[in-house]
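Source file: query.csv; contents: CSV, N, CA and C atoms.
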chain,number,residue,atom,x,y,z
P,16,MET,N,89.1,106.7,111.6
P,16,MET,CA,89.8,105.6,111.0
P,16,MET,C,91.2,106.1,110.7
P,17,ASN,N,92.1,105.3,111.1
P,17,ASN,CA,93.5,105.6,110.9
P,17,ASN,C,94.0,104.9,109.6
P,18,ARG,N,95.2,105.2,109.3
P,18,ARG,CA,95.8,104.7,108.0
P,18,ARG,C,95.9,103.2,107.9
P,19,SER,N,96.4,102.6,109.0
P,19,SER,CA,96.6,101.1,109.0
P,19,SER,C,95.3,100.3,108.9
P,20,ILE,N,94.2,100.8,109.5
P,20,ILE,CA,92.9,100.2,109.4
P,20,ILE,C,92.3,100.3,108.0
P,21,ALA,N,92.5,101.5,107.4
P,21,ALA,CA,92.0,101.7,106.1
P,21,ALA,C,92.8,100.8,105.1
P,22,LEU,N,94.1,100.7,105.2
P,22,LEU,CA,94.8,99.8,104.3
P,22,LEU,C,94.4,98.3,104.5
P,23,ARG,N,94.2,97.9,105.7
P,23,ARG,CA,93.8,96.5,106.0
P,23,ARG,C,92.4,96.3,105.4
P,24,THR,N,91.4,97.2,105.6
P,24,THR,CA,90.1,96.9,105.0
P,24,THR,C,90.1,97.1,103.4
P,25,PHE,N,91.1,97.9,102.9
P,25,PHE,CA,91.2,98.0,101.5
P,25,PHE,C,91.6,96.6,100.9
P,26,PHE,N,92.6,96.0,101.5
P,26,PHE,CA,93.0,94.7,101.0
P,26,PHE,C,91.9,93.6,101.2
P,27,MET,N,91.1,93.7,102.3
P,27,MET,CA,90.0,92.8,102.4
P,27,MET,C,89.0,93.0,101.4
P,28,PHE,N,88.6,94.2,101.1
P,28,PHE,CA,87.6,94.5,100.0
P,28,PHE,C,88.1,94.2,98.6
P,29,ALA,N,89.4,94.4,98.4
P,29,ALA,CA,90.0,94.1,97.1
P,29,ALA,C,90.0,92.5,96.9
P,30,LEU,N,90.2,91.8,98.0
P,30,LEU,CA,90.1,90.3,97.9
P,30,LEU,C,88.7,89.9,97.6
P,31,LEU,N,87.7,90.5,98.3
P,31,LEU,CA,86.3,90.2,98.1
P,31,LEU,C,85.9,90.6,96.6
P,32,THR,N,86.4,91.7,96.1
P,32,THR,CA,86.1,92.1,94.8
P,32,THR,C,86.6,91.2,93.7
P,33,SER,N,87.9,90.8,93.9
P,33,SER,CA,88.5,89.9,92.9
P,33,SER,C,87.8,88.5,93.0
P,34,PHE,N,87.4,88.0,94.2
P,34,PHE,CA,86.7,86.8,94.3
P,34,PHE,C,85.4,86.8,93.6
P,35,ALA,N,84.6,87.9,93.8
P,35,ALA,CA,83.3,88.1,93.1
P,35,ALA,C,83.5,88.2,91.6
P,36,ALA,N,84.6,88.9,91.2
P,36,ALA,CA,84.8,89.0,89.7
P,36,ALA,C,85.1,87.7,89.1
P,37,VAL,N,85.9,86.8,89.7
P,37,VAL,CA,86.2,85.5,89.2
P,37,VAL,C,84.9,84.6,89.1
P,38,ILE,N,84.1,84.7,90.2
P,38,ILE,CA,82.9,83.9,90.2
P,38,ILE,C,81.9,84.4,89.2
P,39,GLY,N,81.8,85.7,89.1
P,39,GLY,CA,80.9,86.3,88.1
P,39,GLY,C,81.3,86.0,86.6
P,40,TRP,N,82.6,86.0,86.4
P,40,TRP,CA,83.1,85.7,85.1
P,40,TRP,C,83.0,84.2,84.7
P,41,ALA,N,83.1,83.4,85.7
P,41,ALA,CA,83.1,81.9,85.4
P,41,ALA,C,81.6,81.4,85.3
P,42,SER,N,80.7,82.0,86.1
P,42,SER,CA,79.4,81.4,86.1
P,42,SER,C,78.3,82.3,85.6
P,43,GLN,N,78.6,83.5,85.3
P,43,GLN,CA,77.6,84.5,84.8
P,43,GLN,C,76.4,84.7,85.8
P,44,VAL,N,76.7,84.8,87.1
P,44,VAL,CA,75.7,85.0,88.1
P,44,VAL,C,75.6,86.5,88.4
P,45,GLU,N,74.3,86.9,88.5
P,45,GLU,CA,74.1,88.4,88.7
P,45,GLU,C,74.5,88.9,90.0
P,46,ILE,N,74.3,88.0,91.1
P,46,ILE,CA,74.7,88.5,92.4
P,46,ILE,C,76.2,88.7,92.5
P,47,ALA,N,77.0,88.0,91.8
P,47,ALA,CA,78.5,88.1,91.8
P,47,ALA,C,78.8,89.5,91.2
P,48,GLU,N,78.1,89.9,90.2
P,48,GLU,CA,78.3,91.2,89.6
P,48,GLU,C,78.0,92.3,90.5
P,49,ILE,N,76.9,92.2,91.3
P,49,ILE,CA,76.6,93.2,92.3
P,49,ILE,C,77.6,93.2,93.4
P,50,LEU,N,78.1,92.0,93.9
P,50,LEU,CA,79.1,92.0,94.9
P,50,LEU,C,80.4,92.6,94.4
P,51,PHE,N,80.7,92.4,93.1
P,51,PHE,CA,81.9,93.1,92.5
P,51,PHE,C,81.8,94.6,92.6
P,52,LEU,N,80.6,95.1,92.2
P,52,LEU,CA,80.4,96.6,92.2
P,52,LEU,C,80.5,97.1,93.7
P,53,ILE,N,79.9,96.4,94.6
P,53,ILE,CA,79.9,96.9,96.0
P,53,ILE,C,81.3,96.8,96.5
P,54,GLY,N,82.0,95.7,96.3
P,54,GLY,CA,83.4,95.6,96.7
P,54,GLY,C,84.3,96.6,96.1
P,55,ALA,N,84.1,96.9,94.8
P,55,ALA,CA,85.0,97.9,94.2
P,55,ALA,C,84.7,99.3,94.7
P,56,SER,N,83.5,99.6,95.0
P,56,SER,CA,83.2,101.0,95.5
P,56,SER,C,83.7,101.1,97.0
P,57,LEU,N,83.7,100.0,97.8
P,57,LEU,CA,84.2,100.1,99.1
P,57,LEU,C,85.7,100.1,99.1
P,58,SER,N,86.4,99.5,98.1
P,58,SER,CA,87.8,99.5,98.0
P,58,SER,C,88.2,100.9,97.6
P,59,ALA,N,87.5,101.6,96.7
P,59,ALA,CA,87.8,102.9,96.4
P,59,ALA,C,87.7,103.9,97.5
P,60,LEU,N,86.6,103.7,98.3
P,60,LEU,CA,86.4,104.5,99.5
P,60,LEU,C,87.5,104.3,100.6
P,61,MET,N,88.0,103.1,100.7
P,61,MET,CA,89.1,102.8,101.7
P,61,MET,C,90.4,103.5,101.2
P,62,LEU,N,90.7,103.4,99.9
P,62,LEU,CA,91.8,104.1,99.3
P,62,LEU,C,91.8,105.6,99.5
P,63,PHE,N,90.6,106.2,99.4
P,63,PHE,CA,90.4,107.6,99.7
P,63,PHE,C,90.7,107.9,101.2
P,64,PHE,N,90.3,107.0,102.1
P,64,PHE,CA,90.6,107.2,103.5
P,64,PHE,C,92.1,107.1,103.7
P,65,VAL,N,92.8,106.2,103.0
P,65,VAL,CA,94.3,106.0,103.2
P,65,VAL,C,95.0,107.3,102.7
P,66,TRP,N,94.6,107.8,101.6
P,66,TRP,CA,95.2,109.0,101.1
P,66,TRP,C,94.8,110.3,101.8
P,67,ALA,N,93.7,110.3,102.4
P,67,ALA,CA,93.2,111.5,103.1
P,67,ALA,C,93.9,111.7,104.5
P,68,ASN,N,94.1,110.6,105.1
P,68,ASN,CA,94.8,110.7,106.5
P,68,ASN,C,96.3,111.0,106.3
P,69,PRO,N,96.8,111.9,107.1
P,69,PRO,CA,98.2,112.2,107.0
P,69,PRO,C,99.0,111.0,107.6
P,70,ALA,N,100.2,110.8,107.1
P,70,ALA,CA,101.1,109.8,107.7
P,70,ALA,C,101.6,110.3,109.1
P,71,PRO,N,101.7,109.4,110.0
P,71,PRO,CA,102.1,109.8,111.3
P,71,PRO,C,103.5,110.3,111.3
P,72,ALA,N,103.7,111.5,111.9
P,72,ALA,CA,105.0,112.1,111.9
P,72,ALA,C,105.5,112.2,113.3
P,73,PRO,N,106.8,112.1,113.5
P,73,PRO,CA,107.3,112.1,114.9
P,73,PRO,C,107.1,113.5,115.5
P,74,ILE,N,106.8,113.6,116.7
P,74,ILE,CA,106.6,114.8,117.4
P,74,ILE,C,107.9,115.3,118.0
P,75,PRO,N,108.4,116.5,117.7
P,75,PRO,CA,109.7,116.9,118.3
P,75,PRO,C,109.6,117.1,119.8
P,76,VAL,N,110.5,116.5,120.5
P,76,VAL,CA,110.5,116.6,122.0
P,76,VAL,C,111.9,117.2,122.4
P,77,ARG,N,111.8,118.1,123.3
P,77,ARG,CA,113.1,118.7,123.7
P,77,ARG,C,113.7,117.9,124.9
P,78,VAL,N,114.9,117.5,124.7
P,78,VAL,CA,115.6,116.6,125.7
P,78,VAL,C,116.7,117.5,126.3
P,79,ARG,N,116.6,117.5,127.7
P,79,ARG,CA,117.6,118.2,128.4
P,79,ARG,C,118.6,117.2,129.0
P,80,ASN,N,119.9,117.6,129.0
P,80,ASN,CA,120.9,116.8,129.6
P,80,ASN,C,121.0,117.1,131.1
P,81,ARG,N,120.7,116.1,131.9
P,81,ARG,CA,120.7,116.3,133.4
P,81,ARG,C,121.9,115.8,134.1
P,82,ARG,N,122.9,115.5,133.4
P,82,ARG,CA,124.2,115.0,134.0
P,82,ARG,C,124.8,116.2,134.8
P,83,ARG,N,125.3,115.9,136.0
P,83,ARG,CA,126.0,116.9,136.7
P,83,ARG,C,127.4,116.4,137.0
P,84,MET,N,128.3,117.2,137.0
P,84,MET,CA,129.7,116.9,137.2
P,84,MET,C,130.2,117.1,138.6
Give the structure from the file, written as structure tokens.
Amino acid sequence: MNRSIALRTFFMFALLTSFAAVIGWASQVEIAEILFLIGASLSALMLFFVWANPAPAPIPVRVRNRRRM
């Protein structure tokens, strides 16, 4: 899993978590609380993957000048 996929899924799980938290707070439904806990744990896992993967760095390439006079 690379960094961009982990960030994308983190935002998806954060959105799911906030949606479940709002529903659970408004209606006092047990399943919303369970969804909140699952979404929060998956969001934390995706943030761990984001921070664990190194940022892509440019690879040094040697360039030769081939112009002839």
Who sits within 7 Å of region 24-32 of chain P, all atoms listed in the file, same chain under 6 positions skipped, as an MDAnalysis selection string:
chainID P and resid 50:55 57:58 61:62
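If you measure from each of P:Trp66, P:Ala36, P:Pro73, P:Ala47 to Arg18 (chain P) using all atoms listed in the file, the closest one turns out to be P:Trp66.
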So how many Å separate CA of Phe63 (chain P) and CA of Ser33 (chain P), to one decimal?
19.1 Å
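Taking CA of Ile38 (chain P) and CA of Ala59 (chain P) as endpoints, the distance between them is 20.6 Å.
Picture a line from CA of Ala70 (chain P) to CA of Arg23 (chain P); it runs 15.3 Å.
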